[in-house]
Structures are given as structure tokens and as C-alpha cells.
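Structure data (mmCIF, C-alpha atoms) from entry-v4.cif:
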```cif
data_data
#
loop_
_atom_site.label_atom_id
_atom_site.label_comp_id
_atom_site.auth_asym_id
_atom_site.auth_seq_id
_atom_site.Cartn_x
_atom_site.Cartn_y
_atom_site.Cartn_z
CA MET A 1357 35.96 25.16 -8.42
CA GLY A 1358 34.11 22.13 -7.06
CA ILE A 1359 34.82 18.46 -7.20
CA SER A 1360 32.65 16.55 -9.62
CA ARG A 1361 30.39 13.96 -7.99
CA ARG A 1362 29.86 12.22 -11.33
CA PRO A 1363 31.37 8.73 -11.07
CA THR A 1364 34.26 8.02 -13.35
CA TRP A 1365 34.49 4.64 -15.06
CA LEU A 1366 37.16 3.66 -12.52
CA SER A 1367 35.01 4.47 -9.49
CA ALA A 1368 32.00 2.77 -11.06
CA PHE A 1369 33.99 -0.34 -12.04
CA PRO A 1370 33.51 -2.25 -8.73
CA ARG A 1371 29.73 -1.71 -8.91
CA TRP A 1372 29.73 -2.82 -12.54
CA LEU A 1373 31.69 -5.96 -11.61
CA ALA A 1374 29.29 -6.77 -8.78
CA VAL A 1375 26.37 -6.64 -11.20
CA PHE A 1376 27.82 -8.20 -14.34
CA LEU A 1377 30.50 -10.64 -13.12
CA PRO A 1378 27.94 -13.11 -11.77
CA VAL A 1379 26.14 -12.89 -15.12
CA LEU A 1380 28.78 -14.52 -17.34
CA PRO A 1381 28.29 -18.17 -18.54
CA GLY A 1382 25.30 -20.35 -17.47
CA CYS A 1383 22.64 -19.17 -15.01
CA SER A 1384 22.82 -17.08 -11.90
CA ILE A 1385 20.61 -17.30 -8.85
CA ASN A 1386 20.75 -15.03 -5.81
CA HIS A 1387 22.34 -15.43 -2.42
CA TYR A 1388 19.61 -15.83 0.20
CA GLN A 1389 19.41 -13.96 3.50
CA PRO A 1390 17.23 -14.93 6.50
CA GLY A 1391 15.06 -11.84 5.88
CA HIS A 1392 14.03 -13.22 2.49
CA PHE A 1393 12.02 -15.89 4.30
CA GLN A 1394 9.06 -13.97 5.70
CA PHE A 1395 7.12 -16.81 7.29
CA THR A 1396 3.37 -16.78 7.81
CA THR A 1397 1.76 -19.08 10.33
CA ILE A 1398 -0.52 -21.45 8.43
CA VAL A 1399 -1.43 -23.78 11.34
CA GLU A 1400 -1.13 -22.44 14.89
CA LYS A 1401 0.74 -24.54 17.41
CA THR A 1402 -1.78 -25.01 20.20
CA GLU A 1403 -0.62 -28.12 22.07
CA ALA A 1404 2.61 -29.47 23.50
CA GLY A 1405 4.63 -31.67 21.18
CA ALA A 1406 5.03 -31.71 17.43
CA GLY A 1407 2.79 -29.38 15.46
CA GLY A 1408 2.24 -26.02 13.85
CA TRP A 1409 3.17 -25.02 10.31
CA ARG A 1410 4.71 -21.90 8.80
CA ALA A 1411 5.30 -21.02 5.17
CA ALA A 1412 7.15 -18.43 3.09
CA CYS A 1413 7.02 -17.52 -0.59
CA ILE A 1414 10.01 -16.45 -2.69
CA HIS A 1415 9.99 -14.98 -6.20
CA ALA A 1416 13.64 -15.11 -7.21
CA THR A 1417 15.22 -13.87 -10.41
CA VAL A 1418 17.32 -16.40 -12.31
CA VAL A 1419 19.39 -14.87 -15.11
CA ASN A 1420 20.39 -16.71 -18.26
CA LYS A 1421 24.00 -15.55 -18.41
CA ALA A 1422 24.27 -16.11 -22.15
CA THR A 1423 21.29 -13.93 -23.13
CA LEU A 1424 20.91 -11.86 -19.89
CA GLU A 1425 17.23 -12.83 -19.97
CA PRO A 1426 15.62 -12.92 -16.52
CA TYR A 1427 13.42 -15.81 -15.48
CA PHE A 1428 11.33 -15.74 -12.31
CA CYS A 1429 11.72 -18.78 -10.13
CA ASN A 1430 8.86 -18.96 -7.64
CA PHE A 1431 8.91 -21.40 -4.76
CA GLY A 1432 7.17 -21.94 -1.46
CA VAL A 1433 8.91 -23.06 1.71
CA GLY A 1434 6.99 -24.83 4.47
CA MET A 1435 8.37 -25.81 7.86
CA PRO A 1436 6.90 -27.38 10.98
CA MET A 1437 7.15 -25.21 14.08
CA GLU A 1438 8.05 -28.20 16.22
CA THR A 1439 8.88 -31.83 15.49
CA LYS A 1440 9.69 -34.79 17.72
CA ALA A 1441 13.38 -34.26 16.91
CA ILE A 1442 13.43 -30.43 17.03
CA PRO A 1443 11.83 -28.47 19.88
CA LEU A 1444 9.79 -25.34 19.26
CA MET A 1445 11.68 -23.29 16.67
CA SER A 1446 11.60 -19.50 16.73
CA GLU A 1447 10.89 -17.64 13.50
CA PRO A 1448 14.43 -16.15 13.35
CA LEU A 1449 15.89 -19.65 13.68
CA ALA A 1450 13.55 -20.97 10.97
CA GLN A 1451 14.61 -18.06 8.72
CA ARG A 1452 18.33 -18.78 9.33
CA ILE A 1453 17.90 -22.50 8.64
CA ALA A 1454 15.90 -21.80 5.44
CA ALA A 1455 18.52 -19.30 4.18
CA ASP A 1456 21.44 -21.61 4.99
CA CYS A 1457 19.75 -24.55 3.28
CA ALA A 1458 18.80 -22.44 0.24
CA ASN A 1459 22.40 -21.28 -0.12
CA GLU A 1460 23.72 -24.85 0.24
CA ALA A 1461 21.28 -25.99 -2.48
CA LEU A 1462 22.35 -23.04 -4.61
CA ARG A 1463 26.02 -24.04 -4.33
CA GLU A 1464 25.19 -27.62 -5.32
CA VAL A 1465 23.13 -26.54 -8.34
CA ILE A 1466 25.62 -23.93 -9.55
CA ALA A 1467 28.45 -26.50 -9.25
CA SER A 1468 26.69 -28.86 -11.68
CA PRO A 1469 23.56 -27.44 -13.28
CA ALA A 1470 21.43 -29.96 -15.16
CA SER A 1471 20.82 -27.45 -17.95
CA PRO A 1472 21.73 -23.90 -18.97
CA LEU A 1473 18.00 -23.08 -19.24
CA PRO A 1474 16.75 -20.97 -16.30
CA GLY A 1475 13.47 -22.90 -15.97
CA LEU A 1476 15.30 -26.20 -15.58
CA VAL A 1477 17.84 -24.66 -13.20
CA CYS A 1478 14.90 -23.38 -11.14
CA MET A 1479 13.36 -26.85 -11.00
CA GLN A 1480 16.71 -28.39 -10.05
CA PHE A 1481 17.21 -25.74 -7.34
CA THR A 1482 13.72 -26.31 -5.90
CA LYS A 1483 14.24 -30.09 -5.80
CA THR A 1484 17.72 -29.77 -4.25
CA PHE A 1485 16.54 -27.14 -1.73
CA ASN A 1486 13.68 -29.48 -0.72
CA ALA A 1487 16.13 -32.32 -0.03
CA VAL A 1488 18.60 -30.13 1.90
CA LEU A 1489 15.90 -28.44 4.00
CA ASN A 1490 14.18 -31.74 4.77
CA ARG A 1491 17.49 -33.14 6.07
CA ALA A 1492 17.86 -30.12 8.36
CA VAL A 1493 14.22 -30.01 9.52
CA PRO A 1494 12.39 -33.28 8.86
CA GLY A 1495 8.92 -32.69 7.45
CA SER A 1496 9.84 -29.41 5.71
CA ARG A 1497 8.89 -28.86 2.08
CA VAL A 1498 9.97 -26.72 -0.85
CA ALA A 1499 7.60 -26.67 -3.80
CA GLY A 1500 7.08 -24.75 -7.02
CA GLN A 1501 3.95 -23.10 -5.61
CA CYS A 1502 3.40 -20.87 -2.62
CA ALA A 1503 0.76 -21.23 0.07
CA GLU A 1504 -2.15 -18.86 -0.56
CA GLU A 1505 -1.72 -17.18 2.83
CA THR A 1506 1.88 -16.10 2.19
CA ASN A 1507 3.15 -12.80 0.82
CA PRO A 1508 5.75 -13.25 -1.95
CA ILE A 1509 9.15 -11.75 -1.29
CA ARG A 1510 11.01 -10.79 -4.44
CA VAL A 1511 14.73 -11.54 -4.46
CA ASP A 1512 16.71 -9.88 -7.26
CA LEU A 1513 20.37 -9.86 -8.18
#
```
As C-alpha cells - that is how I would like this structure written.
Amino acid sequence: MGISRRPTWLSAFPRWLAVFLPVLPGCSINHYQPGHFQFTTIVEKTEAGAGGWRAACIHATVVNKATLEPYFCNFGVGMPMETKAIPLMSEPLAQRIAADCANEALREVIASPASPLPGLVCMQFTKTFNAVLNRAVPGSRVAGQCAEETNPIRVDL
């Protein structure tokens, strides 16, 4: 007589909560990790001082919590490699800064979304993320389009 490996509703309940609890009223966007920001060098840094440019592309799923309809929020992130204020930044540091700023923007948008519509939440997130990232690394940009050279990273719930 063996033990059944089939999950019971009780053992599956925590997984169910993790998937469906964030999908109740309004819209849900993901939590960003540094690895989501796979930067590509767009402009090499060849001289001392400010210069160089790297970019990443994110395709994130935003879920309308009322209808459970997914909406894909695409945005590009661009950061200088070095500025007058910030010395040469490693890629892992750039990834950490981008993730931290994205999550701060996410908290701000979720706290007071402009609209329950995923497309408008996406636009609000992109605009807020741009402001937060530019405060952290002057000259950075977040836009609704990705640089051609980047490879999109899909971020799902």
C-alpha cells in the first residue's frame, strides 16, 4: 500500500493562493528581480568619464483582476554606464538598481492606480518607473518601446 502523491486540496491550497490571491480586485503586475533586466550594450564605453549606454526589454503580464484577462505591458529600460555623478556601473549593479526602481514604481502604482484598465496601468507604471529610475541614475529612461538590439525578457505572474 503506497502513499498517494496526488495533491489534496489542502496541500494545493498554498499554491492556489499564491496564484489567485494577487488576482482579486484591480490589476496585478509582477515583482521584478535583477535577472529580469538582461542588459545589452548599445553604445560601448571607450573613454574615461561619462558615457556608454545599455538597454533591456521587458514584456510583463498585467492581469485585469476583475476579468482575469492578461495584458502584455512592454517597456524598454535604458541606462548610462557612467555619469558625472555615478562612476562606472557594473551590469549586476545596474540590474539591481533597475529592479529596485521597478518595484518602487510598482508599489506607487498599485497604491493608487489611475484606472482599473491594464493598458492605462501599464502606461502609469512606465511613466512612474521612468521618474523613479531617473532619480536613481540621472539620464536613465523607461519607454513603451524597446531598443532593437535588446532581447525581450518575459515576466509572468
Spatial neighbours of A:Gly1500, max dist 7 Å, all atoms listed in the file, sep filter under 3 positions, as JSON, numbers by chain:
{"A": [1430, 1431, 1432, 1482]}
Given the PyMOL selection byres ((chain A and resi 1405-1409) around 12), the residues it picks as a PyMOL selection string
chain A and resi 1395-1404+1410-1412+1433-1447+1450+1494-1497+1503+1505
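Closest to A:Gln1480 among A:Arg1510, A:His1387, A:Arg1463, A:Arg1452 is A:Arg1463, based on only C-alpha atoms.
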Step by step, gather every atom of stretch 1476-1482 of chain A that the file lists, find the box along x, y and z that holds them, add 4 Å on each side, and finally give centre and edge lengths in Å to one decimal, as AutoDock Vina command-line options.
```
--center_x 15.6 --center_y -25.9 --center_z -10.7 --size_x 12.5 --size_y 13.0 --size_z 17.7
```
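Listed by chain and then by number, the residues chosen by the PyMOL selection byres ((chain A and resi 1453-1456) around 6) in this file are Tyr1388, Gln1389, Pro1390, Ala1450, Gln1451, Arg1452, Cys1457, Ala1458 and Asn1459 of chain A.
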Under the PyMOL selection byres ((chain A and resi 1477) around 10), which residues of this model are included? Write them out as a ChimeraX atom specification.
/A:1382-1385,1418,1420,1429,1462,1465-1466,1468-1476,1478-1483
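What separates atom CA of A:Phe1393 from atom CA of A:Gln1501 is a distance of 14.7 Å.
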